[in-house]
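With TSV, C-alpha atoms inside, this is target-v8.tsv:
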chain	number	residue	atom	x	y	z
A	14	MET	CA	1.55	26.89	-33.50
A	15	GLN	CA	2.89	23.33	-33.53
A	16	LYS	CA	0.87	20.77	-31.59
A	17	LEU	CA	2.22	17.88	-29.48
A	18	LEU	CA	-0.56	15.60	-28.31
A	19	ILE	CA	-0.22	13.01	-25.52
A	20	LEU	CA	-2.89	10.34	-25.23
A	21	GLY	CA	-2.94	9.05	-21.66
A	22	GLY	CA	-2.27	10.88	-18.41
A	23	GLY	CA	-0.90	7.96	-16.43
A	24	THR	CA	2.72	7.38	-15.47
A	25	ALA	CA	4.21	7.55	-18.97
A	26	GLY	CA	2.15	10.46	-20.27
A	27	THR	CA	2.60	12.56	-17.15
A	28	MET	CA	6.38	12.09	-17.13
A	29	MET	CA	6.65	13.12	-20.79
A	30	ALA	CA	4.51	16.22	-20.28
A	31	ASN	CA	6.72	17.32	-17.40
A	32	LYS	CA	9.90	16.75	-19.38
A	33	LEU	CA	8.75	18.40	-22.62
A	34	ILE	CA	7.13	21.49	-21.11
A	35	LYS	CA	10.56	22.55	-19.87
A	36	ALA	CA	12.25	22.02	-23.21
A	37	LEU	CA	9.82	23.33	-25.83
A	38	ASN	CA	9.15	27.00	-26.53
A	39	ASN	CA	5.57	27.66	-25.44
A	40	GLU	CA	5.19	30.26	-28.18
A	41	GLU	CA	5.92	27.59	-30.77
A	42	TRP	CA	4.50	24.42	-29.21
A	43	GLU	CA	1.18	23.61	-27.57
A	44	ILE	CA	1.23	20.44	-25.46
A	45	THR	CA	-2.10	18.72	-24.76
A	46	ILE	CA	-2.87	15.65	-22.63
A	47	VAL	CA	-6.08	13.70	-23.19
A	48	ASP	CA	-7.30	11.27	-20.54
A	49	LYS	CA	-10.74	10.01	-19.61
A	50	TYR	CA	-10.06	9.72	-15.87
A	51	ARG	CA	-9.19	12.35	-13.27
A	52	THR	CA	-7.65	10.04	-10.63
A	53	HIS	CA	-4.03	8.86	-10.76
A	54	TYR	CA	-3.30	5.49	-9.16
A	55	TYR	CA	0.02	4.31	-7.78
A	56	GLN	CA	-0.47	0.88	-9.26
A	57	PRO	CA	2.46	-0.87	-7.50
A	58	GLY	CA	0.58	-0.14	-4.28
A	59	PHE	CA	-2.40	-2.31	-5.31
A	60	LEU	CA	-0.33	-5.34	-4.28
A	61	PHE	CA	-0.26	-4.18	-0.66
A	62	ILE	CA	-3.98	-3.50	-0.28
A	63	PRO	CA	-5.20	-7.12	0.14
A	64	PHE	CA	-2.83	-7.55	3.09
A	65	GLY	CA	-3.88	-4.33	4.84
A	66	ILE	CA	-0.47	-2.68	4.34
A	67	TYR	CA	-2.02	0.07	2.21
A	68	ASN	CA	-5.58	1.24	1.82
A	69	ARG	CA	-7.21	2.91	-1.14
A	70	HIS	CA	-6.34	6.46	-0.03
A	71	ASP	CA	-2.63	5.51	-0.05
A	72	VAL	CA	-2.61	4.83	-3.80
A	73	GLU	CA	-4.72	7.56	-5.37
A	74	LYS	CA	-4.34	11.28	-5.98
A	75	PRO	CA	-5.84	13.76	-8.48
A	76	LYS	CA	-4.05	13.68	-11.83
A	77	SER	CA	-4.17	17.46	-11.89
A	78	ASN	CA	-1.60	17.48	-9.04
A	79	PHE	CA	1.04	16.23	-11.46
A	80	PHE	CA	0.27	17.92	-14.78
A	81	PRO	CA	2.60	20.89	-15.25
A	82	ALA	CA	1.41	24.45	-15.71
A	83	GLY	CA	1.24	25.35	-19.38
A	84	VAL	CA	-0.03	21.96	-20.54
A	85	LYS	CA	-3.60	21.84	-21.81
A	86	VAL	CA	-5.61	18.97	-20.29
A	87	ILE	CA	-8.75	17.47	-21.82
A	88	TYR	CA	-10.70	14.95	-19.75
A	89	ASN	CA	-12.43	12.91	-22.41
A	90	ASP	CA	-12.39	9.49	-24.02
A	91	VAL	CA	-10.71	9.00	-27.39
A	92	ASP	CA	-12.76	7.50	-30.18
A	93	LYS	CA	-9.87	6.83	-32.54
A	94	ILE	CA	-6.68	8.09	-34.09
A	95	GLU	CA	-6.61	8.92	-37.81
A	96	PRO	CA	-2.86	8.94	-38.48
A	97	GLU	CA	-3.10	9.75	-42.18
A	98	GLN	CA	-4.86	13.01	-41.28
A	99	ASN	CA	-2.71	13.66	-38.18
A	100	GLN	CA	-5.83	13.91	-36.05
A	101	VAL	CA	-7.53	12.34	-33.05
A	102	LEU	CA	-11.30	12.08	-32.73
A	103	LEU	CA	-12.77	12.42	-29.25
A	104	ASP	CA	-15.99	10.80	-28.04
A	105	ASP	CA	-17.69	14.19	-27.78
A	106	GLY	CA	-17.09	14.92	-31.47
A	107	ARG	CA	-14.09	17.20	-31.12
A	108	VAL	CA	-11.15	16.78	-33.48
A	109	LEU	CA	-7.60	17.35	-32.23
A	110	TYR	CA	-4.81	17.88	-34.75
A	111	TYR	CA	-1.18	17.08	-34.02
A	112	ASN	CA	2.30	17.43	-35.44
A	113	ILE	CA	3.64	14.86	-32.97
A	114	LEU	CA	1.58	12.24	-31.17
A	115	ILE	CA	2.69	10.30	-28.08
A	116	ILE	CA	0.56	7.24	-27.31
A	117	ALA	CA	0.73	6.46	-23.59
A	118	THR	CA	-2.63	4.75	-23.10
A	119	GLY	CA	-1.21	1.86	-21.07
A	120	THR	CA	-2.70	-1.59	-20.67
A	121	LYS	CA	-5.91	-2.71	-19.05
A	122	THR	CA	-7.19	-5.96	-17.57
A	123	ALA	CA	-9.71	-7.84	-19.71
A	124	PRO	CA	-11.23	-10.58	-17.50
A	125	GLU	CA	-13.99	-11.11	-20.04
A	126	GLU	CA	-11.38	-12.67	-22.37
A	127	THR	CA	-11.19	-15.82	-20.18
A	128	PRO	CA	-14.33	-18.01	-20.19
A	129	GLY	CA	-15.83	-18.32	-16.72
A	130	LEU	CA	-13.66	-15.68	-15.09
A	131	LYS	CA	-16.40	-13.04	-14.69
A	132	ASP	CA	-19.01	-15.64	-13.76
A	133	LYS	CA	-20.83	-16.15	-10.45
A	134	LEU	CA	-17.65	-16.36	-8.31
A	135	TRP	CA	-16.17	-13.07	-9.55
A	136	MET	CA	-15.44	-10.80	-6.59
A	137	LYS	CA	-16.75	-13.53	-4.25
A	138	ASP	CA	-14.12	-16.28	-4.41
A	139	ILE	CA	-12.24	-15.02	-7.50
A	140	PHE	CA	-10.40	-11.70	-7.41
A	141	ASP	CA	-7.75	-9.69	-9.18
A	142	PHE	CA	-5.46	-7.15	-7.52
A	143	TYR	CA	-4.59	-5.28	-10.71
A	144	THR	CA	-7.53	-2.95	-10.17
A	145	VAL	CA	-8.11	-0.94	-7.02
A	146	GLU	CA	-11.63	-2.36	-6.76
A	147	GLY	CA	-10.33	-5.94	-6.93
A	148	ALA	CA	-7.56	-5.27	-4.40
A	149	CYS	CA	-9.99	-3.70	-1.91
A	150	ALA	CA	-12.50	-6.55	-2.34
A	151	LEU	CA	-9.74	-9.08	-1.70
A	152	GLN	CA	-8.71	-7.23	1.45
A	153	ARG	CA	-12.25	-7.63	2.77
A	154	LYS	CA	-12.24	-11.33	1.83
A	155	PHE	CA	-8.91	-12.04	3.51
A	156	LYS	CA	-10.11	-10.52	6.78
A	157	GLN	CA	-12.75	-13.23	7.19
A	158	TRP	CA	-11.22	-16.13	5.23
A	159	GLU	CA	-10.30	-19.13	7.40
A	160	GLY	CA	-8.09	-21.05	5.00
A	161	GLY	CA	-8.08	-23.53	2.15
A	162	LYS	CA	-6.47	-23.68	-1.28
A	163	LEU	CA	-5.25	-20.21	-2.27
A	164	VAL	CA	-4.23	-20.08	-5.93
A	165	MET	CA	-2.43	-17.16	-7.61
A	166	ALA	CA	-2.81	-17.63	-11.38
A	167	ILE	CA	-1.54	-15.84	-14.49
A	168	THR	CA	-3.72	-16.12	-17.58
A	169	GLU	CA	-1.25	-15.17	-20.30
A	170	LEU	CA	1.69	-12.96	-21.24
A	171	PRO	CA	2.37	-10.07	-21.32
A	172	TYR	CA	0.98	-8.42	-18.19
A	173	LYS	CA	1.84	-5.46	-16.00
A	174	CYS	CA	4.61	-5.92	-13.45
A	175	PRO	CA	5.75	-9.51	-14.11
A	176	VAL	CA	7.02	-10.01	-10.54
A	177	ALA	CA	3.77	-8.99	-8.83
A	178	PRO	CA	2.27	-12.52	-8.69
A	179	LEU	CA	5.46	-13.72	-6.99
A	180	GLU	CA	5.24	-10.86	-4.52
A	181	PHE	CA	1.60	-11.75	-3.88
A	182	VAL	CA	2.34	-15.33	-2.82
A	183	PHE	CA	5.30	-14.21	-0.69
A	184	LEU	CA	3.14	-11.63	1.10
A	185	ALA	CA	0.34	-14.19	1.48
A	186	ASP	CA	2.80	-16.51	3.24
A	187	ASP	CA	3.74	-13.63	5.57
A	188	TYR	CA	0.12	-12.54	6.13
A	189	PHE	CA	-1.32	-15.93	6.99
A	190	THR	CA	1.70	-16.85	9.13
A	191	LYS	CA	1.18	-13.74	11.23
A	192	LYS	CA	-2.55	-14.43	11.32
A	193	GLY	CA	-1.78	-17.86	12.78
A	194	ILE	CA	-3.44	-19.94	10.06
A	195	ARG	CA	-0.57	-20.60	7.62
A	196	ASP	CA	-0.90	-24.33	8.28
A	197	LYS	CA	-4.47	-24.09	7.01
A	198	VAL	CA	-3.57	-22.25	3.79
A	199	ASP	CA	-2.15	-24.12	0.79
A	200	ILE	CA	-0.54	-21.54	-1.53
A	201	THR	CA	0.00	-22.31	-5.22
A	202	LEU	CA	1.38	-20.17	-8.03
A	203	VAL	CA	0.04	-21.15	-11.48
A	204	THR	CA	1.98	-19.72	-14.41
A	205	PRO	CA	2.35	-20.21	-18.17
A	206	LEU	CA	6.10	-19.73	-17.71
A	207	PRO	CA	8.42	-22.75	-17.37
A	208	GLY	CA	9.41	-21.55	-13.89
A	209	ALA	CA	9.17	-18.71	-11.41
A	210	PHE	CA	10.65	-16.16	-13.84
A	211	THR	CA	11.60	-15.87	-17.50
A	212	LYS	CA	15.39	-16.22	-17.11
A	213	PRO	CA	17.38	-19.04	-15.45
A	214	VAL	CA	19.48	-17.18	-12.86
A	215	ALA	CA	16.52	-15.30	-11.37
A	216	THR	CA	14.31	-18.39	-11.70
A	217	LYS	CA	16.70	-20.45	-9.57
A	218	MET	CA	16.91	-17.86	-6.80
A	219	LEU	CA	13.15	-17.26	-6.74
A	220	SER	CA	12.30	-20.96	-7.02
A	221	ASP	CA	14.49	-21.72	-4.02
A	222	LEU	CA	12.71	-19.00	-2.07
A	223	LEU	CA	9.29	-20.38	-3.04
A	224	LYS	CA	10.36	-23.84	-1.94
A	225	ASP	CA	11.66	-22.53	1.40
A	226	LYS	CA	8.29	-20.91	2.03
A	227	ASN	CA	6.35	-24.05	1.08
A	228	ILE	CA	4.69	-22.37	-1.90
A	229	ASN	CA	3.77	-24.72	-4.74
A	230	VAL	CA	4.42	-23.85	-8.39
A	231	VAL	CA	2.44	-25.22	-11.34
A	232	SER	CA	4.35	-24.19	-14.45
A	233	GLU	CA	3.50	-24.20	-18.16
A	234	PHE	CA	-0.21	-24.06	-17.35
A	235	TYR	CA	-2.18	-22.24	-20.05
A	236	ILE	CA	-5.62	-21.32	-18.71
A	237	GLU	CA	-8.50	-22.08	-21.07
A	238	SER	CA	-11.37	-21.46	-18.66
A	239	ILE	CA	-12.52	-21.20	-15.05
A	240	ASP	CA	-14.95	-23.86	-13.81
A	241	ASN	CA	-17.05	-21.97	-11.27
A	242	ASP	CA	-19.20	-24.94	-10.24
A	243	ASN	CA	-16.26	-27.16	-9.34
A	244	LYS	CA	-13.85	-24.31	-8.48
A	245	LYS	CA	-11.08	-25.38	-10.85
A	246	LEU	CA	-8.72	-23.81	-13.34
A	247	VAL	CA	-8.83	-25.73	-16.62
A	248	SER	CA	-5.94	-25.64	-19.12
A	249	TYR	CA	-6.03	-26.02	-22.89
A	250	ASP	CA	-4.62	-29.53	-22.50
A	251	ALA	CA	-7.34	-30.46	-19.96
A	252	LYS	CA	-5.21	-30.21	-16.82
A	253	GLU	CA	-6.94	-28.91	-13.72
A	254	VAL	CA	-5.97	-26.97	-10.59
A	255	PRO	CA	-8.56	-26.79	-7.78
A	256	PHE	CA	-8.99	-23.68	-5.63
A	257	ASP	CA	-11.01	-22.38	-2.73
A	258	LEU	CA	-9.90	-18.80	-3.26
A	259	LEU	CA	-8.47	-17.66	-6.59
A	260	THR	CA	-6.45	-14.53	-7.23
A	261	ILE	CA	-5.77	-14.04	-10.91
A	262	VAL	CA	-3.95	-11.80	-13.36
A	263	PRO	CA	-6.53	-11.39	-16.14
A	264	VAL	CA	-5.53	-11.02	-19.78
A	265	ASN	CA	-3.88	-7.63	-20.30
A	266	MET	CA	-4.74	-5.66	-23.44
A	267	GLY	CA	-4.02	-2.25	-24.89
A	268	ASP	CA	-6.73	0.37	-25.17
A	269	ALA	CA	-9.69	-0.56	-27.40
A	270	MET	CA	-9.16	2.76	-29.18
A	271	ILE	CA	-5.92	1.33	-30.61
A	272	GLU	CA	-7.91	-1.43	-32.30
A	273	ARG	CA	-10.48	1.04	-33.65
A	274	SER	CA	-7.60	3.06	-35.08
A	275	GLY	CA	-6.04	0.06	-36.82
A	276	LEU	CA	-2.75	0.68	-35.01
A	277	GLY	CA	-2.41	-2.39	-32.80
A	278	ASP	CA	-1.50	-6.06	-32.75
A	279	ASP	CA	-3.84	-8.85	-31.58
A	280	LEU	CA	-3.73	-7.52	-28.00
A	281	ASN	CA	-4.06	-3.85	-29.04
A	282	PHE	CA	-0.42	-3.01	-28.32
A	283	VAL	CA	1.20	-0.64	-30.81
A	284	PRO	CA	4.05	-2.08	-32.91
A	285	THR	CA	6.98	0.09	-31.87
A	286	ASN	CA	10.70	0.27	-32.65
A	287	LYS	CA	12.14	-1.16	-29.44
A	288	HIS	CA	15.15	1.18	-29.53
A	289	THR	CA	13.81	4.53	-30.80
A	290	LEU	CA	10.24	4.14	-29.40
A	291	GLN	CA	8.88	5.43	-32.69
A	292	SER	CA	5.80	3.80	-34.21
A	293	ASP	CA	6.69	1.23	-36.86
A	294	ALA	CA	4.00	2.67	-39.11
A	295	HIS	CA	4.12	6.46	-38.65
A	296	GLN	CA	7.20	8.63	-38.10
A	297	ASN	CA	5.42	11.36	-36.11
A	298	ILE	CA	3.87	8.89	-33.66
A	299	PHE	CA	5.85	7.71	-30.63
A	300	VAL	CA	4.80	5.16	-28.01
A	301	LEU	CA	5.77	5.08	-24.35
A	302	GLY	CA	5.05	2.69	-21.51
A	303	ASP	CA	2.66	-0.25	-21.50
A	304	ALA	CA	0.90	0.77	-24.74
A	305	SER	CA	3.80	-0.46	-26.89
A	306	ASN	CA	4.71	-4.00	-27.92
A	307	ILE	CA	8.41	-3.68	-27.07
A	308	PRO	CA	9.79	-6.93	-25.57
A	309	THR	CA	10.46	-5.83	-22.01
A	310	SER	CA	8.50	-5.61	-18.78
A	311	LYS	CA	5.34	-3.56	-18.62
A	312	ALA	CA	6.45	-1.68	-15.52
A	313	GLY	CA	6.91	1.85	-14.25
A	314	SER	CA	10.70	1.57	-14.26
A	315	VAL	CA	10.63	0.80	-17.99
A	316	ALA	CA	8.45	3.85	-18.66
A	317	HIS	CA	10.86	5.97	-16.62
A	318	PHE	CA	14.04	4.81	-18.36
A	319	ALA	CA	12.37	4.86	-21.77
A	320	SER	CA	11.06	8.40	-21.20
A	321	GLU	CA	14.62	9.72	-21.13
A	322	ILE	CA	15.32	8.08	-24.49
A	323	LEU	CA	12.05	9.26	-25.96
A	324	PHE	CA	12.68	12.83	-24.82
A	325	ASP	CA	16.00	12.92	-26.69
A	326	ASN	CA	14.45	11.38	-29.81
A	327	ILE	CA	11.53	13.80	-29.89
A	328	ILE	CA	13.95	16.72	-29.70
A	329	ASP	CA	15.92	15.14	-32.55
A	330	TYR	CA	12.72	14.72	-34.55
A	331	ILE	CA	11.64	18.32	-33.97
A	332	GLU	CA	15.06	19.64	-35.01
A	333	GLY	CA	15.19	17.45	-38.11
A	334	ARG	CA	17.99	15.13	-37.02
A	335	PRO	CA	18.11	11.33	-37.16
A	336	LEU	CA	16.91	9.77	-33.91
A	337	SER	CA	20.10	9.35	-31.89
A	338	ALA	CA	18.99	7.81	-28.58
A	339	SER	CA	18.53	4.06	-28.23
A	340	PHE	CA	16.56	2.29	-25.49
A	341	ASP	CA	18.19	-0.94	-24.29
A	342	GLY	CA	15.10	-2.34	-22.56
A	343	HIS	CA	16.36	-1.39	-19.08
A	344	ALA	CA	14.08	-2.48	-16.24
A	345	ASN	CA	14.52	-2.91	-12.54
A	346	CYS	CA	12.04	-4.21	-10.02
A	347	TYR	CA	11.97	-4.62	-6.28
A	348	ILE	CA	10.38	-7.92	-5.24
A	349	GLU	CA	8.65	-8.03	-1.86
A	350	THR	CA	9.41	-11.42	-0.29
A	351	GLY	CA	7.62	-11.01	3.04
A	352	PHE	CA	8.70	-10.61	6.68
A	353	GLY	CA	10.30	-7.22	5.99
A	354	LYS	CA	12.62	-8.41	3.24
A	355	GLY	CA	12.86	-8.02	-0.51
A	356	ALA	CA	14.91	-8.80	-3.59
A	357	LEU	CA	15.92	-6.66	-6.56
A	358	ILE	CA	16.43	-7.41	-10.24
A	359	ASP	CA	18.02	-5.19	-12.91
A	360	PHE	CA	18.11	-6.26	-16.56
A	361	ASN	CA	17.56	-5.25	-20.20
A	362	TYR	CA	16.87	-6.74	-23.63
A	363	GLU	CA	20.18	-8.61	-23.76
A	364	THR	CA	21.17	-9.21	-20.13
A	365	GLU	CA	19.14	-11.30	-17.71
A	366	PRO	CA	18.89	-10.43	-13.99
A	367	LEU	CA	22.24	-11.21	-12.35
A	368	PRO	CA	23.52	-11.16	-8.76
A	369	GLY	CA	25.56	-8.22	-7.51
A	370	THR	CA	25.08	-4.78	-5.98
A	371	PHE	CA	23.04	-1.78	-7.12
A	372	PRO	CA	23.43	1.02	-8.01
A	373	LEU	CA	27.06	1.28	-6.87
A	374	PRO	CA	29.42	-1.66	-7.55
A	375	GLY	CA	30.58	-3.28	-4.33
A	376	ILE	CA	28.69	-0.77	-2.21
A	377	GLY	CA	25.04	-1.06	-3.16
A	378	PRO	CA	23.29	-0.40	-0.89
A	379	PHE	CA	20.85	-2.75	-2.63
A	380	GLY	CA	21.62	-6.39	-3.35
A	381	LEU	CA	20.69	-7.90	-6.70
A	382	LEU	CA	18.98	-11.29	-6.38
A	383	LYS	CA	19.52	-11.12	-2.63
A	384	ASN	CA	16.78	-11.37	-0.01
A	385	THR	CA	17.51	-8.44	2.32
A	386	LYS	CA	15.84	-5.85	4.53
A	387	ILE	CA	17.38	-2.92	2.62
A	388	ASN	CA	15.69	-4.11	-0.57
A	389	HIS	CA	12.36	-4.06	1.25
A	390	TYR	CA	13.02	-0.49	2.35
A	391	GLY	CA	13.82	0.40	-1.27
A	392	LYS	CA	10.39	-0.85	-2.31
A	393	ILE	CA	8.66	1.10	0.45
A	394	MET	CA	10.59	4.30	-0.31
A	395	PHE	CA	9.70	4.07	-3.98
A	396	ARG	CA	6.12	5.30	-3.36
A	397	TRP	CA	7.47	8.67	-2.17
A	398	ILE	CA	9.91	8.78	-5.10
A	399	TYR	CA	7.08	8.01	-7.51
A	400	TRP	CA	4.80	10.82	-6.32
A	401	HIS	CA	7.48	13.49	-5.82
A	402	ILE	CA	10.21	12.79	-8.37
A	403	LEU	CA	9.37	10.27	-11.07
A	404	LEU	CA	5.94	11.58	-12.09
A	405	LYS	CA	7.23	15.14	-12.18
A	406	GLY	CA	9.88	14.22	-14.74
A	407	LYS	CA	12.80	14.90	-12.41
A	408	GLU	CA	16.10	13.11	-12.83
A	409	LEU	CA	16.99	10.09	-10.71
A	410	PRO	CA	20.64	9.13	-10.10
A	411	ILE	CA	20.27	5.99	-12.24
A	412	ASP	CA	21.23	5.89	-15.91
A	413	ALA	CA	18.59	5.06	-18.50
A	414	ASP	CA	21.01	2.48	-19.93
A	415	MET	CA	21.59	-0.61	-17.84
A	416	SER	CA	25.10	-0.90	-16.41
A	417	MET	CA	27.06	-4.10	-15.85
A	418	ALA	CA	28.95	-2.44	-12.99
A	419	GLY	CA	28.47	-4.46	-9.81
A	420	LYS	CA	26.92	-7.44	-11.59
A	421	LYS	CA	28.39	-10.94	-11.62
A	422	ARG	CA	27.90	-13.31	-14.53
A	423	ILE	CA	27.27	-16.87	-13.41
A	424	SER	CA	26.54	-20.14	-15.17
A	425	PHE	CA	24.97	-23.39	-14.09

Just give me the structure of the file as structure tokens.
Amino acid sequence: MQKLLILGGGTAGTMMANKLIKALNNEEWEITIVDKYRTHYYQPGFLFIPFGIYNRHDVEKPKSNFFPAGVKVIYNDVDKIEPEQNQVLLDDGRVLYYNILIIATGTKTAPEETPGLKDKLWMKDIFDFYTVEGACALQRKFKQWEGGKLVMAITELPYKCPVAPLEFVFLADDYFTKKGIRDKVDITLVTPLPGAFTKPVATKMLSDLLKDKNINVVSEFYIESIDNDNKKLVSYDAKEVPFDLLTIVPVNMGDAMIERSGLGDDLNFVPTNKHTLQSDAHQNIFVLGDASNIPTSKAGSVAHFASEILFDNIIDYIEGRPLSASFDGHANCYIETGFGKGALIDFNYETEPLPGTFPLPGIGPFGLLKNTKINHYGKIMFRWIYWHILLKGKELPIDADMSMAGKKRISF
């Protein structure tokens, strides 16, 4: 019996299990998922919790609801991978052997990496919304907060869902306007990027929107520490940004098990061929989702598009053929902009987000780099799609490869 082992039962691992169970002969292949936790979180929904749009029960379900019949599931922590022996050691002493290993262990927040972040103000006047606990604590804080300097800060790159901090400040503008205290709330986005986004066309559109909403941007700010006593962000070059209430994206890192296994870079992400999704170091190890170091967004859409490529390449590998499928870095993200509107970006390794229509050229119905109500509805509908289609490995009517159809190249 051949063994295919998936480490991680989140978005990426669950999708791959659902795809592979249908394709592999169960008399020849045993598929096993290993994950420490039993609860699956719809992480894009964390953004909505501080503003009372979602609550905790809206974003969590049992992982067992989404694992397909026929897949063996082990709820346990992984001690380390021993790739030379084709085995994984679990915390309870068990040893799992594999013929093919898929690493889908994701990325985690590491607030302890930033001096002062987990000090006396943590979860009192300093919060994250990248964990369900942080998002719920911030919701409670917002209910009784009466205004001041609200800062949304990014510690360093990369981090999950690059547009989420932008969405946060847009929704904060909406929330405090409707609460009647927007004139008492000064909103600032602090980022290590040179602007609102990584590429110029999207940066211009989003920067204009931030300006229209009277949201300040402090760019190229590299956080060295958090001064709890004086309530300031301090940069490596001694610049300071004061706050009354700080929401922050902590440092994101891969699983500590990756470091123990000697398979990761400085942030515990696995060096991975960005096109084949095969480990740079071991041919029978593949990496999907946030666990890899591929140079694209750490987002659910990337895991979805990449899963189609990885599926084809694993079948090639099993059947002894060269890996034929190539991932182009395709990502698309809805961006909540507040007041029932949203924007949409679609891009890959080579092509930056451009204006146009999606997915059908000239028809849409979604507008790329446009602030529209239909884009907001797309974001809201995605939660249902996530639970009922994407996680279950079903096909969506969007190609894994990014298309230029409907996009318009522009220059400044």

Can you build me a table of region 114-173 of chain A residues sitting at most 9 Å from region 279-294 of chain A, with the closest atom pair per residue and its distance in Å to one decimal, using only C-alpha atoms, sorted by chain and residue number, as CSV?
residue,atom,partner,partner_atom,distance
A:Ile116,CA,A:Val283,CA,8.6
A:Gly119,CA,A:Phe282,CA,8.8
A:Thr120,CA,A:Phe282,CA,8.1

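Residue nearest Glu349 (chain A), chosen from A:Pro57, A:Pro374, A:Gly208, A:Pro366 and counting only C-alpha atoms: A:Pro57.
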
Using only C-alpha atoms, which of the listed residues (A:Leu223, A:Val72, A:Ile44, A:Val101) sits closest to Met270 (chain A)?
-> A:Val101

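The two atoms in question, CA of Asp92 (chain A) and CA of Gly267 (chain A), are spaced 14.1 Å apart.
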
Correct to one decimal, the distance CA of Ile261 (chain A)-CA of Val198 (chain A) is 17.0 Å

From A:Trp400, A:Leu184, A:Tyr235, A:Ala209, residue lying nearest Gly355 (chain A) [only C-alpha atoms] |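 Comparing A:Trp400, A:Leu184, A:Tyr235, A:Ala209 against Gly355 (chain A), the winner is A:Leu184.
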
Would you list the contacts of region 137-152 of chain A as a ChimeraX atom specification, taking every protein, DNA or RNA residue within 7 Å and counting only C-alpha atoms, but skipping same-chain residues closer than 6 positions in sequence?
-> /A:59-60,62-65,258-262

With 6 Å on each side, where is the centre of the axis-aligned box around all listed atoms of region 392-406 of chain A, and how long are its edges in Å to one decimal, as JSON?
{"center_x": 7.7, "center_y": 7.1, "center_z": -7.1, "size_x": 17.8, "size_y": 28.0, "size_z": 27.2}

Residue neighbourhood Asn89 (chain A), 9 Å, only C-alpha atoms, exclusion window fewer than 3 positions, as a PyMOL selection string | chain A and resi 47-50+103-105

Find the residues of region 175-270 of chain A that sit at most 12 Å from region 325-347 of chain A; for each, write down the nearest two atoms and how far apart they are in Å, to one decimal. Count all atoms listed in the file. Sort by chain, then by number going up, and give it as a Markdown table.
| residue | atom | partner | partner_atom | distance |
| --- | --- | --- | --- | --- |
| A:Pro175 | CA | A:Cys346 | CA | 9.2 |
| A:Val176 | CA | A:Cys346 | CA | 7.7 |
| A:Ala177 | CA | A:Cys346 | CA | 9.6 |
| A:Leu179 | CA | A:Tyr347 | CA | 11.2 |
| A:Glu180 | CA | A:Tyr347 | CA | 9.3 |

To one decimal in Å, tell me the separation between CA of Thr350 (chain A) and CA of Glu365 (chain A).
->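 So the answer is 20.0 Å.
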
Step by step: start from the point (-2.4, 4.7, -19.6) in the file's coordinates, keep every protein, DNA or RNA residue that has an atom no farther than 6 Å from it, count all atoms listed in the file, and write the set as a list in words.
->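 Checking each residue against the 6 Å limit leaves Gly21, Gly23, Ala117, Thr118 and Gly119 of chain A.
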
In terms of the shortest atom-to-atom distance over all atoms listed in the file, which of A:Ile393, A:Ile307, A:Ile376, A:Leu367 is closest to Ser416 (chain A)?
->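 Looking at the shortest contact to Ser416 (chain A), the residue is A:Leu367.
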
Residues within 8 Å of (0.7, 24.3, -20.8), file coords, all atoms listed in the file, listed as a list in words |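 Residues close enough to count: Ile34, Asn39, Glu43, Ile44, Thr45, Pro81, Ala82, Gly83, Val84 and Lys85 of chain A.
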
If you count all atoms listed in the file, which residues fall within 8 Å of Asn31 (chain A), apart from same-chain ones fewer than 4 positions away, as a PyMOL selection string?
-> chain A and resi 27+35+80-81+404-406

Pick the closest to Gly58 (chain A) from A:Arg396, A:Lys217, A:Lys252, A:Lys421: which is it, counting all atoms listed in the file?
->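 Nearest to Gly58 (chain A): A:Arg396.
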